[in-house]
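**Q** Contents of start36.cif (mmCIF, C-alpha atoms) are given next:
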```cif
data_my_file
#
loop_
_atom_site.label_atom_id
_atom_site.label_comp_id
_atom_site.auth_asym_id
_atom_site.auth_seq_id
_atom_site.Cartn_x
_atom_site.Cartn_y
_atom_site.Cartn_z
CA MET J 1 7.84 -42.47 -33.64
CA LYS J 2 4.62 -43.05 -31.69
CA ARG J 3 3.64 -45.85 -34.04
CA MET J 4 7.08 -47.46 -33.77
CA GLY J 5 6.91 -47.18 -30.00
CA MET J 6 3.48 -48.80 -29.93
CA ILE J 7 4.65 -51.65 -32.18
CA PHE J 8 7.72 -52.19 -30.05
CA ARG J 9 5.68 -52.25 -26.83
CA ALA J 10 3.13 -54.64 -28.39
CA LYS J 11 5.84 -57.06 -29.52
CA ALA J 12 7.65 -56.79 -26.20
CA ASN J 13 4.41 -57.45 -24.34
CA LYS J 14 3.72 -60.50 -26.51
CA ALA J 15 7.24 -61.82 -25.96
CA LEU J 16 6.97 -61.29 -22.21
CA ASP J 17 3.56 -62.96 -22.11
CA ARG J 18 4.97 -65.96 -23.97
CA ALA J 19 7.98 -66.16 -21.64
CA GLU J 20 6.00 -65.61 -18.44
CA ASP J 21 5.33 -68.62 -16.22
CA PRO J 22 2.43 -68.01 -13.78
CA ARG J 23 4.04 -70.32 -11.25
CA GLU J 24 7.22 -68.27 -11.17
CA THR J 25 5.19 -65.07 -10.88
CA LEU J 26 3.25 -66.47 -7.92
CA ASP J 27 6.44 -67.59 -6.20
CA TYR J 28 7.97 -64.15 -6.72
CA SER J 29 4.88 -62.43 -5.29
CA TYR J 30 4.94 -64.75 -2.29
CA GLN J 31 8.61 -63.96 -1.72
CA LYS J 32 7.86 -60.23 -1.77
CA GLN J 33 5.06 -60.69 0.74
CA LEU J 34 7.41 -62.59 3.03
CA GLU J 35 9.92 -59.77 2.79
CA LEU J 36 7.20 -57.24 3.67
CA LEU J 37 6.10 -59.36 6.62
CA GLN J 38 9.70 -59.53 7.80
CA LYS J 39 9.97 -55.74 7.65
CA VAL J 40 6.77 -55.36 9.69
CA ARG J 41 8.06 -57.80 12.28
CA ARG J 42 11.35 -55.93 12.42
CA GLY J 43 9.42 -52.70 12.95
CA VAL J 44 7.48 -54.30 15.82
CA ALA J 45 10.74 -55.44 17.36
CA ASP J 46 12.24 -51.94 17.03
CA VAL J 47 9.19 -50.31 18.65
CA ALA J 48 9.23 -52.89 21.45
CA THR J 49 12.92 -52.18 22.01
CA SER J 50 12.28 -48.45 22.23
CA ARG J 51 9.41 -49.03 24.65
CA LYS J 52 11.61 -51.20 26.84
CA ARG J 53 14.32 -48.56 26.84
CA LEU J 54 11.79 -45.93 27.98
CA GLU J 55 10.61 -48.23 30.73
CA LEU J 56 14.18 -48.54 32.01
CA GLN J 57 14.61 -44.77 31.93
CA LEU J 58 11.31 -44.31 33.77
CA ASN J 59 12.36 -46.74 36.46
CA GLN J 60 15.66 -44.92 36.84
CA LEU J 61 14.04 -41.48 37.04
CA GLN J 62 11.42 -42.71 39.46
CA GLY J 63 14.20 -44.09 41.65
CA GLN J 64 16.01 -40.74 41.57
CA SER J 65 12.76 -38.95 42.38
CA SER J 66 12.16 -41.14 45.41
CA LYS J 67 15.75 -40.58 46.53
CA LEU J 68 15.42 -36.77 46.29
CA GLU J 69 12.17 -36.95 48.22
CA ASP J 70 13.91 -38.84 51.03
CA GLN J 71 16.79 -36.36 51.01
CA GLY J 72 14.37 -33.47 51.28
CA ARG J 73 12.70 -35.03 54.30
CA LYS J 74 16.03 -35.62 56.01
CA ALA J 75 17.19 -32.07 55.29
CA LEU J 76 13.92 -30.65 56.63
CA ALA J 77 14.25 -32.85 59.74
CA LEU J 78 17.75 -31.44 60.33
CA GLY J 79 16.47 -27.89 59.96
CA ARG J 80 18.03 -27.36 56.56
CA GLU J 81 15.07 -25.96 54.74
CA ASP J 82 17.26 -24.71 51.91
CA LEU J 83 18.54 -28.20 51.19
CA ALA J 84 15.03 -29.56 51.40
CA ARG J 85 13.82 -26.95 48.91
CA GLU J 86 16.68 -27.79 46.49
CA ALA J 87 15.91 -31.48 46.71
CA LEU J 88 12.22 -30.89 46.03
CA SER J 89 13.09 -28.63 43.08
CA ARG J 90 15.24 -31.33 41.52
CA ARG J 91 12.50 -33.86 42.18
CA ALA J 92 9.99 -31.65 40.38
CA ALA J 93 12.28 -31.45 37.33
CA LEU J 94 12.69 -35.23 37.33
CA GLN J 95 8.95 -35.60 37.67
CA GLN J 96 8.45 -33.53 34.52
CA GLN J 97 10.85 -35.84 32.66
CA VAL J 98 8.97 -38.85 34.03
CA THR J 99 5.69 -37.41 32.71
CA ASP J 100 7.19 -36.84 29.26
CA LEU J 101 8.63 -40.36 29.18
CA GLU J 102 5.34 -41.86 30.27
CA THR J 103 3.61 -40.03 27.39
CA GLN J 104 6.18 -41.38 24.94
CA HIS J 105 5.84 -44.84 26.46
CA THR J 106 2.08 -44.78 25.96
CA THR J 107 2.53 -43.68 22.35
CA LEU J 108 5.09 -46.41 21.64
CA GLN J 109 2.90 -48.98 23.30
CA GLY J 110 0.00 -47.99 21.04
CA GLU J 111 2.25 -48.17 17.94
CA GLU J 112 3.50 -51.54 19.04
CA GLU J 113 -0.02 -52.87 19.39
CA LYS J 114 -0.95 -51.52 15.94
CA LEU J 115 2.13 -53.03 14.31
CA THR J 116 1.54 -56.34 16.08
CA LEU J 117 -2.04 -56.45 14.82
CA ALA J 118 -0.89 -55.50 11.30
CA ALA J 119 1.77 -58.22 11.40
CA GLN J 120 -0.83 -60.78 12.45
CA ARG J 121 -3.19 -59.74 9.67
CA LEU J 122 -0.38 -59.75 7.14
CA GLN J 123 0.69 -63.19 8.34
CA ALA J 124 -2.85 -64.46 7.81
CA LYS J 125 -2.92 -62.97 4.30
CA VAL J 126 0.47 -64.47 3.48
CA ASP J 127 -0.68 -67.91 4.66
CA ALA J 128 -3.86 -67.64 2.63
CA PHE J 129 -1.90 -66.49 -0.42
CA ARG J 130 0.51 -69.39 -0.01
CA THR J 131 -2.37 -71.89 0.04
CA LYS J 132 -3.99 -70.27 -2.98
CA LYS J 133 -0.63 -70.10 -4.75
CA GLU J 134 0.02 -73.81 -4.32
CA THR J 135 -3.52 -74.60 -5.49
CA ILE J 136 -3.14 -72.45 -8.60
CA LYS J 137 0.28 -73.94 -9.35
CA ALA J 138 -1.04 -77.49 -9.03
CA THR J 139 -4.05 -76.68 -11.24
CA TYR J 140 -1.83 -74.96 -13.82
CA THR J 141 0.61 -77.88 -13.89
CA ALA J 142 -2.24 -80.38 -14.31
CA ALA J 143 -3.82 -78.29 -17.08
CA GLN J 144 -0.47 -77.94 -18.82
CA ALA J 145 0.14 -81.69 -18.69
CA GLN J 146 -3.40 -82.40 -19.92
CA THR J 147 -2.93 -79.95 -22.79
CA ARG J 148 0.35 -81.54 -23.82
CA ILE J 149 -1.18 -85.01 -23.72
CA GLY J 150 -4.13 -83.82 -25.77
CA GLU J 151 -1.85 -82.17 -28.30
CA ALA J 152 0.23 -85.34 -28.53
CA PHE J 153 -2.85 -87.50 -29.14
CA SER J 154 -4.35 -85.06 -31.63
CA GLY J 155 -1.03 -84.49 -33.38
CA ILE J 156 -1.18 -80.69 -33.18
CA SER J 157 1.81 -80.27 -30.91
CA GLU J 158 5.03 -78.94 -32.38
CA GLU J 159 6.95 -82.22 -32.09
CA MET J 160 4.08 -84.37 -33.36
CA GLY J 161 3.44 -81.83 -36.09
CA ASP J 162 7.00 -82.25 -37.33
CA VAL J 163 6.60 -86.04 -37.28
CA GLY J 164 3.33 -85.77 -39.18
CA LEU J 165 4.91 -83.54 -41.81
CA ALA J 166 7.80 -85.96 -42.23
CA ILE J 167 5.37 -88.87 -42.71
CA GLN J 168 3.35 -86.84 -45.20
CA ARG J 169 6.50 -85.95 -47.17
CA ALA J 170 7.57 -89.61 -47.22
CA GLU J 171 4.15 -90.71 -48.47
CA ASP J 172 4.16 -88.02 -51.16
CA LYS J 173 7.62 -89.06 -52.38
CA THR J 174 6.59 -92.74 -52.38
CA GLN J 175 3.48 -92.00 -54.43
CA GLN J 176 5.52 -89.88 -56.82
CA LEU J 177 8.07 -92.67 -57.33
CA GLN J 178 5.31 -95.23 -57.84
CA ALA J 179 3.61 -93.01 -60.41
CA ARG J 180 6.92 -92.43 -62.20
CA ALA J 181 7.68 -96.17 -62.27
CA GLY J 182 4.20 -96.93 -63.66
CA ALA J 183 4.56 -94.27 -66.33
CA ILE J 184 7.96 -95.61 -67.41
CA ASP J 185 6.55 -99.15 -67.66
CA GLU J 186 3.67 -97.91 -69.82
CA LEU J 187 6.03 -95.97 -72.06
CA LEU J 188 8.32 -99.00 -72.45
CA ALA J 189 5.37 -101.27 -73.20
CA SER J 190 4.01 -98.86 -75.82
CA GLY J 191 7.41 -98.49 -77.47
CA ALA J 192 7.61 -94.77 -76.76
CA LEU J 193 10.84 -95.46 -74.90
CA ASP J 194 13.63 -97.84 -75.92
CA ASP J 195 14.84 -100.38 -73.41
CA PRO J 196 18.68 -100.38 -73.50
CA THR J 197 18.77 -103.94 -72.12
CA GLY J 198 16.67 -105.26 -75.04
CA THR J 199 14.28 -107.09 -72.76
CA ALA J 200 11.28 -104.90 -73.54
CA LYS J 201 9.05 -105.84 -76.52
CA ASP J 202 6.53 -103.91 -78.53
CA ASP J 203 2.85 -104.82 -78.84
CA ILE J 204 3.24 -106.91 -82.02
CA ALA J 205 6.04 -109.02 -80.61
CA ALA J 206 4.16 -109.51 -77.38
CA GLU J 207 1.02 -110.61 -79.28
CA LEU J 208 3.01 -113.04 -81.47
CA ASP J 209 4.62 -114.54 -78.40
CA ARG J 210 1.22 -114.97 -76.82
CA ILE J 211 -0.19 -116.68 -79.97
CA SER J 212 2.83 -118.95 -80.35
CA GLY J 213 2.65 -119.81 -76.71
CA GLY J 214 -1.02 -120.68 -77.14
CA SER J 215 -0.23 -122.83 -80.23
CA ASP J 216 2.40 -124.77 -78.29
CA VAL J 217 -0.14 -125.42 -75.57
CA GLU J 218 -2.72 -126.66 -78.10
CA LEU J 219 -0.16 -128.96 -79.78
CA GLU J 220 0.87 -130.40 -76.42
CA LEU J 221 -2.78 -130.97 -75.55
CA GLN J 222 -3.48 -132.83 -78.86
CA ARG J 223 -0.40 -135.01 -78.33
CA MET J 224 -1.55 -135.98 -74.88
CA LYS J 225 -5.02 -136.82 -76.22
CA ALA J 226 -3.52 -139.03 -78.95
CA GLU J 227 -1.39 -140.87 -76.42
CA LEU J 228 -4.39 -141.44 -74.24
CA ALA J 229 -6.43 -142.72 -77.25
CA GLY J 230 -3.64 -145.10 -78.36
CA GLY J 231 -3.27 -146.47 -74.89
CA SER J 232 -6.99 -147.24 -74.71
CA SER J 233 -6.94 -149.24 -78.05
CA SER J 234 -4.00 -151.38 -76.96
CA GLN J 235 -5.68 -152.12 -73.65
CA GLN J 236 -8.85 -153.25 -75.48
CA ALA J 237 -6.87 -155.55 -77.83
CA ILE J 238 -5.10 -157.19 -74.89
CA GLU J 239 -8.35 -157.75 -73.06
CA GLY J 240 -9.92 -159.27 -76.24
CA GLY J 241 -6.98 -161.74 -76.63
CA ARG J 242 -7.36 -162.82 -73.06
CA GLN J 243 -11.05 -163.61 -73.56
CA ASP J 244 -10.34 -165.74 -76.71
CA GLY J 245 -7.75 -167.79 -74.86
CA VAL J 246 -10.15 -168.44 -72.07
CA GLN J 247 -12.85 -169.65 -74.51
CA GLN J 248 -10.40 -172.00 -76.28
CA ASN J 249 -9.33 -173.51 -73.01
CA ASP J 250 -12.95 -174.15 -72.07
CA GLN J 251 -13.64 -175.89 -75.38
CA SER J 252 -10.54 -178.15 -75.06
CA ARG J 253 -11.66 -179.17 -71.61
CA LYS J 254 -15.07 -180.21 -73.00
CA PHE J 255 -13.45 -182.36 -75.71
CA ASP J 256 -11.29 -184.11 -73.19
CA LYS J 257 -14.30 -185.00 -71.11
CA ASN J 258 -16.09 -186.42 -74.05
#
```
Starting from the file, give its structure as structure tokens.
**A**
Amino acid sequence: MKRMGMIFRAKANKALDRAEDPRETLDYSYQKQLELLQKVRRGVADVATSRKRLELQLNQLQGQSSKLEDQGRKALALGREDLAREALSRRAALQQQVTDLETQHTTLQGEEEKLTLAAQRLQAKVDAFRTKKETIKATYTAAQAQTRIGEAFSGISEEMGDVGLAIQRAEDKTQQLQARAGAIDELLASGALDDPTGTAKDDIAAELDRISGGSDVELELQRMKAELAGGSSSQQAIEGGRQDGVQQNDQSRKFDKN
């Protein structure tokens, strides 16, 4: 079971790694940081609201305390010491509440300052992370495009690999067909296979045809030579006759002169 669990986790990790896109992971992390920053800001707003509420209560209690002090003075001026004592007692109780509220106000004010500082620091970190995130995404996209272009040029990408395999298969089939056609021609020429059309000839017939063809060429050549020789003799006889006629004419002209 442990081994099966390890194999399953290894395969799941490999599948997740193959499916993971760093750009999506960075965007998700940035979104989470924004949500955290929003919570911190909401906390600052809540603390500030509580502090403001305490300030209103303090102002109200301080107003009541001043009013009781004035009432005590008036009662003492009228000779009502009992009323003056009661007013001062109530004022003392209100003063204790004012002291407690002032302590709480100081505490809330300190928390508000801490949360405000934390929000500012977190905002700076979020801004820096956003800049780094965009830089990493741009670099990753450029590297991915460069890798794809390199794979396309080198032919090791999946698509180009399929095209290369198809071309290789076509070339192999072409060579196989050419080899088969050459083998069939050799077998037909050697007489190992019979040609059903009757156009193929064996070696003896082919050699006889070649010899007879050569004899016909030789006969045609001798005939042309004979024609050329006969034509030359006739031309010489004609030229000789012409010369005799010319000589006879010259002699007759001499006799006439004499």
**Q** Can you tell me which residues surround Lys125 in chain J at a distance of at most 12 Å, considering all atoms listed in the file, apart from same-chain residues fewer than 6 positions away, and format the answer as a tab-separated table (two decimals) with C-alpha atoms, keeping the file's coordinate frame?
**A**
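Saved result, around_19.tsv, follows:
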```
chain	number	residue	atom	x	y	z
J	30	TYR	CA	4.94	-64.75	-2.29
J	33	GLN	CA	5.06	-60.69	0.74
J	34	LEU	CA	7.41	-62.59	3.03
J	36	LEU	CA	7.20	-57.24	3.67
J	37	LEU	CA	6.10	-59.36	6.62
J	118	ALA	CA	-0.89	-55.50	11.30
J	119	ALA	CA	1.77	-58.22	11.40
J	131	THR	CA	-2.37	-71.89	0.04
J	132	LYS	CA	-3.99	-70.27	-2.98
J	133	LYS	CA	-0.63	-70.10	-4.75
```
**Q** Pick the closest to Thr103 in chain J from J:Arg73, J:Arg51, J:Ala229, J:Leu219: which is it, counting only C-alpha atoms?
**A** J:Arg51
**Q** Which residue out of J:Asp100, J:Glu220, J:Asp127, J:Glu112 has the minimum interatomic distance to Leu58 in chain J when only C-alpha atoms are used?
**A** J:Asp100
**Q** With distances taken over all atoms listed in the file, which of J:Thr107, J:Thr141, J:Gln71, J:Gln176 is nearest to Ser89 in chain J?
**A**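 Between J:Thr107, J:Thr141, J:Gln71, J:Gln176, the residue approaching Ser89 in chain J most closely is J:Gln71.
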**Q** Enclose the full set of atoms of range 58-70 of chain J listed in the file within a box whose edges lie along x, y and z, apply 5 Å of padding to each of the six sides, and report centre and edge lengths in Å to one decimal as JSON.
**A**
```
{"center_x": 13.7, "center_y": -41.8, "center_z": 42.4, "size_x": 14.7, "size_y": 20.0, "size_z": 27.3}
```
**Q** So the first atom is CA of Gln62 in chain J and the second is CA of Arg91 in chain J; what is the distance between them in Å, to one decimal place?
**A**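 Taking CA of Gln62 in chain J as the start and CA of Arg91 in chain J as the end point, the length is 9.3 Å.
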**Q** Find the distance between CA of Gln144 in chain J and CA of Thr25 in chain J and write it in Å to one decimal.
**A**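 Computing it gives 16.1 Å between the two atoms.
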**Q** Find, counting only C-alpha atoms, the residue in J:Lys52, J:Leu221, J:Gly230, J:Tyr28 that gets nearest to Thr106 in chain J.
**A**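 Closest to Thr106 in chain J of all the choices is J:Lys52.
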**Q** Evaluate the PyMOL selection byres ((chain J and resi 41) around 10) on the structure here and hand back the selected residues as a PyMOL selection string.
**A** chain J and resi 35-40+42-47+115-116+118-120+123
**Q** Could you jot down the CA of Lys137 in chain J to CA of Ala124 in chain J separation for me, Å, one decimal place?
**A**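 Those two atoms sit 19.9 Å apart.
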**Q** The residues within 12 Å of (12.8, -35.7, 47.8), using all atoms listed in the file and the coordinates of the file, should be reported as number ranges by chain; which are they?
**A** J: 62-76, 83-95
**Q** Point out the residue among J:Leu101, J:Leu56, J:Val126, J:Leu177 with the least atom-to-atom distance to Ser29 in chain J, counting only C-alpha atoms.
**A** J:Val126
**Q** Choose the residue, out of J:Gln175, J:Asn59, J:Gln104, J:Thr135, that has the smallest atom-to-atom separation from Arg23 in chain J; count all atoms listed in the file.
**A**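 The answer is J:Thr135, which sits nearest to Arg23 in chain J.
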